[in-house]
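J.: My questions all concern the structure below.
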Amino acid sequence: MQSFVEDLRRQIEGEVRFGEFDRVLYSTDASFYRIKPIGVVIPRTEADVVATVEQTRRAKLPVLARGGGTSVSGQAVGEAVVLDFSKYMHRVLELNLEEGWAWVEPGLVQDAFKKQLRPYALQFGPETATASRATLGGMAANNSAGARSVVYGKAIDHILACRAVLADGSLVTFGSVSEAERRQKAEGSSLEAQLYRQIPRIVERHKEAILERYPRVLRRVSGYNLDALVSEFADLSPMADPDRRFNLAKLLVGSEGTLGVLTAIKVRLIPLPAATALGVVHFDNLNAAVDAVSPILELGPSAVELVDHQILGPAMRSRQFQDRVGFVQGDPAALLIVEFQGEKQQELAGRLEALRQRLGRERLGYALTDVFGEQEQAEVWNLRKAGLGMLMSVRDERKPVAFVEDPAVPVERMPEFVRAFQKIVAEHGVRAGYYGHASVGCLHIRPALNLKDTADIERMNAIFAQVSDLTRELGGSMSGEHGDGLARSWLNEKMFGGELYGAFQQVKRAFDFENRLNPGKVVDAPPPDRNLRYGPDYRTVEPATTFDFSREFGIARAVEMCNGNGNCRKQDVGTMCPSYQGTRDEMHSTRGRANALRAVLAGQAGAETFTGRGLYEVMDLCLSCKSCQTECPSSINMAKLKAEFLSHYHREHGTPLRDRVIGNIALVNRIGSATAPFSNWLLHSGLGTVGKRMLGFAPAREFPAFASQPFSRWFRRHRPWSGTSRGKVVLFHDTYMEYNDPTIGMAATELLERLGYEVILPERRCCGRPMISKGLLKEAQVNARFNVEQLTPYAQAGIPVVGCEPSCILTLRDEYLDLVPGGAAKDVASHSQTIDEFLHDRLRAGELALPFKSDRPPALVHGHCHQKAITGTRPTLEVLKLAYDVREIASGCCGMAGSFGYEREHYDLSLTIGSQRLFPAIEQATAQTVLIADGISCRQQIQHGTRRTAQHLVQALAAALR
């Protein structure tokens with residue numbers, strides 16, 4: 001193996017990773033399976049792929065092509081050399097607008113492609129719910145579809161040609177050919193020539209069985225696409241080409257990488273709809289929603305999507321969606337999201353009115369919400385796309401399992417199917433969540449099971465048998481969209497019959513005689529209860545923790561919340577996961593970290609331990625932005641897990657001096673303030689640069705200056721504004737307000753006092769956030785106990801505790817509940833607010849009557865990561881609208897993350913993250929635009945990266961007062 005790895009490294013430009021954690025990171029996808037691969041190759045070029053396949057052929061090793069790893073059926077895991085296309089091979093190679101096609105690399109993410117096509121009003125028709133991170137190569141391998149397949153069909157209807165590396169290492173191009181061209185290509189002894197001879201014979205030999213046994217439903221992706229090579233087959237796809245010719249690319253589509261490794265794909269481009277509108281139909285029960293689908297389809301919608309209460313309930317409670325579900329009326333058991341496409345909004349309003357009349361006439365549903373705005377429609381679709389994660393967010397041992405979750409039946413038989421399915425799961429005493437593509441009879445139904453329990457595994461097998469019988473009886477397919485993989489390949493002989501299954505085996509042998517390309521998928525698969533991520537033998541250690549993990553039922557269960565859906569791998573949108581967005585490396589995604597932690601706690605990572613260096617390197621680039629708490633549908637809390645890990649790691653290996661300095665920044669700043677201006681001179685001198693280098697800080701970074709007069713001294717001496725008192729408010733003056741920028745505290749005090757509040761400055765210590773970030777949890781716990789003790793009397797008196805630094809005040813709301821669990825911490829947390837929240841509450845109460853100037857200059861807002869994760873930026877924006885023409889930057893994380901961007905080894909990545917969206921938005925702003933960022937780290941990053949100065953919200957509001 002060592003020789004094989006060395007040969008690979010010599011031959012390819014990409015990365016060759018065969019370490020223990022590299023294998024762990026790719027041992028799972030979004031399914032419930034786990035198989036540790038032989039190793040991982042991350043190719044940069046097509047030549048790298050050819051070399052890898054050739055080397056694995058010589059070594060007689062299997063190879064597995066992988067995109068975003070979002071497969072829910074286990075297609076992307078196996079004991080093979082994994083080829084990860086997502087990091088480097090994600091370009092649009094050629095774009096032909098006149099003829100309407102593009103050549104793309106397989107690692108290109110759907111949403112990134114969509115963004116590049118938007119200026120031309122074009123699109124790639126299929127769009128999966130995982131479009132923010134799933135790749136086009138994965139879509140091709142899976143024959144993916146999406147919500148609008150009733151109009152656009154599946155991937156096979158839009159893939160015109162492909163380049164692929166075959167099992168013998170040869171690079172071929174497959175596309176549409178005439179019979180004469182096929183005969184010409186069939187001449188010779190190459191594997192390509194053999195395929196042009198053998199595949200037509202297989203198709204012709206089994207033609208009658210193909211016409212008879214293939215399910216007559218649009219959404220069938222199981223088996224191989226032999227039906228696409230039978231010209232007489234009555235294709236159900238709305239995009240079918242009546243003049244199509246022989247095209248072996250159609251056979252590779254949906255083959256799950258078992259026939260060839262795709263290196264480039266030629267896709268058809270179609271126009272974007274000029275206008276869209278949604279009608280959200282509400283139902284009191286699931287069956288009523290399913291019954292309504294056929295009548296609704298008669299109105300010609302482009303999509304009809306089902307969402308049941310098991311998704312709606314968690315969404316209504318989640319931080320991510322609770323403020324974004326205004327389209328929901330009452331407490332529905334199910335929704336149907338109905339989309340119409342057209343040329344003008346007026347036309348769509350008429351079609352929604354026709355839907356309303358049809359629903360009323362047939363008494364279908366109890367409410368209909370019309371949704372016209374682009375942003376409002378996006379909110380509806382985001383809820384639907386989060387369906388899987390919402391189902392998986394339950395903290396029970398029984399979780400919705402993707403095994404019979406992808407059947408497709410004729411739409412007219414869907415009500416019958418759903419009722420029979422309900423009966424099956426009821427007989428087994430389990431619940432199930434229902435969502436999916438009702439317009440084409442493809443529903444994702446996930447019974448909740450505990451696959452650590454032998455009895456539930458037996459239930460899974462029994463449900464498999466009953467549901468597959470039901471699906472076959474109704475003329476459906478067990479894989480309507482998500483593919484066969486490890487979950488359903490074993491059913492193909494049952495679903496297609498012995499003759500066609502034999503034909504599938506013949507196709508596999510023709511392409512891959514040695515069975516090296518993603519073996520065990522489509523044909524010759526293992527039983528579905530093997531290779532489980534969690535099986536009856538799964539055990540974990542539960543290390544003693546400083547944080548209280550009782551809310552998560554232990555640290556191991558906290559890690560297991562990650563289901564592998566890969567939402568942390570999205571690009572150019574949201575905040576999670578900054579380090580992945582900066583590196584495109586699976587190791588630095590939230591999913592990668594969760595995989596590593598889980599493997600260590602379960603003893604599946606070889607000799608690696610919970611305090612090992614390998615795990616440290618995996619966790620190192622987590623910026624602790626907390627975005628995964630909100631943006632991950634399963635709400636995994638990686639910031640908490642990283643802090644706990646660092647606590648154990650430092651306990652064994654010792655805490656570096658730099659981490660001690662950062663953790664005790666309050667003491668450092670107090671000394672710096674007491675010795676200013678000398679301390680400021682020292683920071684900028686040659687000695688300061690030497691000190692930075694010795695401690696491991698980036699020399700180019702400038703530290704915040706020290707204030708010679710701390711805020712608390714100013715506060716004691718200042719004269720309060722006179723006026724009617726509305727009550728008292730505690731101002732939690734954070735370390736940076738106290739010692740670095742007292743003007744923030746002055747502005748906050750002025751605003752609060754002019755609103756009529758008496759401002760109280762409490763006894764307090766540093767909130768402990770810097771300590772937490774470096775794993776100094778025992779020290780942070782001491783500070784937390786002191787602060788809770790000091791603030792409890794105010795909280796019990798109903799006096800709000802307000803802070804200006806988001807990460808500090810929100811530590812009281814978040815980490816304190818786990819550092820000092822109990823009623824006192826809960827009281828303090830429930831009375832703690834960021835100052836924008838406090839002002840927003842006054843605004844809603846009609847009490848924010850401040851004399852702002854009328855000129856309303858433009859303002860750009862960058863939200864702090866912790867603010868976005870826990871409170872959202874809406875309060876900031878609403879309050880600023882009183883004085884500014886405000887717009888929020890869709891900036892994600894600034895990249896600074898407390899001390900992260902100051903540290904020498906993280907400096908470059910910090911700037912990479914900032915330069916993705918934040919810096920360009922600021923650089924495009926006019927000189928008159930006011931920049932607002934509430935986090936001191938964010939302001940430091942903006943200053944360093946753009947040479948522009950940002951203000952705190954309270955400074956901007958105070959400056960706008962008359």
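As shown in the structure tokens, the chain order sets the letters A, B, ...; within each chain, residues go from 1, and ligands are also counted from 1 in the order they appear.
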Write out as JSON, numbers by chain each polymer residue whose atoms come within 10 Å of A:Val165, counting only C-alpha atoms; drop sequence neighbours fewer than 4 positions from it.

T.: {"A": [46, 47, 49, 50, 51, 52, 53, 54, 169, 170, 171, 172, 173, 259, 260, 261, 262, 263, 264]}

J.: Counting only C-alpha atoms, which residues of stretch 718-773 of chain A sit at most 8 Å from some atom of stretch 646-665 of chain A, and what is each one's closest atom pair with its distance in Å to one decimal, listed by chain and rising residue number, as JSON lines?

T.:
```
{"residue": "A:Gly768", "atom": "CA", "partner": "A:Gly663", "partner_atom": "CA", "distance": 7.7}
{"residue": "A:Arg769", "atom": "CA", "partner": "A:Gly663", "partner_atom": "CA", "distance": 8.0}
{"residue": "A:Pro770", "atom": "CA", "partner": "A:Gly663", "partner_atom": "CA", "distance": 4.7}
{"residue": "A:Met771", "atom": "CA", "partner": "A:Gly663", "partner_atom": "CA", "distance": 4.0}
{"residue": "A:Ile772", "atom": "CA", "partner": "A:Gly663", "partner_atom": "CA", "distance": 7.5}
{"residue": "A:Ser773", "atom": "CA", "partner": "A:Gly663", "partner_atom": "CA", "distance": 7.6}
```

J.: Please indicate the distance in Å from atom CA of A:Thr926 to atom CA of A:Cys894, rounded to one decimal place.

T.: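 If I compute the distance from atom CA of A:Thr926 to atom CA of A:Cys894, I get 19.9 Å.
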
J.: Here is a test: counting only C-alpha atoms, which residue of A:Thr583, A:Phe4, A:Met89, A:Arg361 is nearest to A:Gln55?

T.: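 Among the listed residues, the smallest separation from A:Gln55 belongs to A:Phe4.
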
J.: Quote the spacing between atom CA of A:Leu83 and atom CA of A:Leu621 in Å to one decimal place.

T.: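 Taking atom CA of A:Leu83 and atom CA of A:Leu621, their separation equals 23.3 Å.
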
J.: Taking into account only C-alpha atoms, which residue in the set A:Gln310, A:Gln329, A:Thr369, A:Thr276 is nearest to A:Gln345?

T.: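 Using only C-alpha atoms, A:Gln345 sits closest to A:Thr276.
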
J.: Could you tell me which of A:Cys622, A:Ala277, A:Met746, A:Asp406 comes closest to A:Glu353 if we count only C-alpha atoms?

T.: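 Of the candidates, the smallest distance to A:Glu353 is held by A:Ala277.
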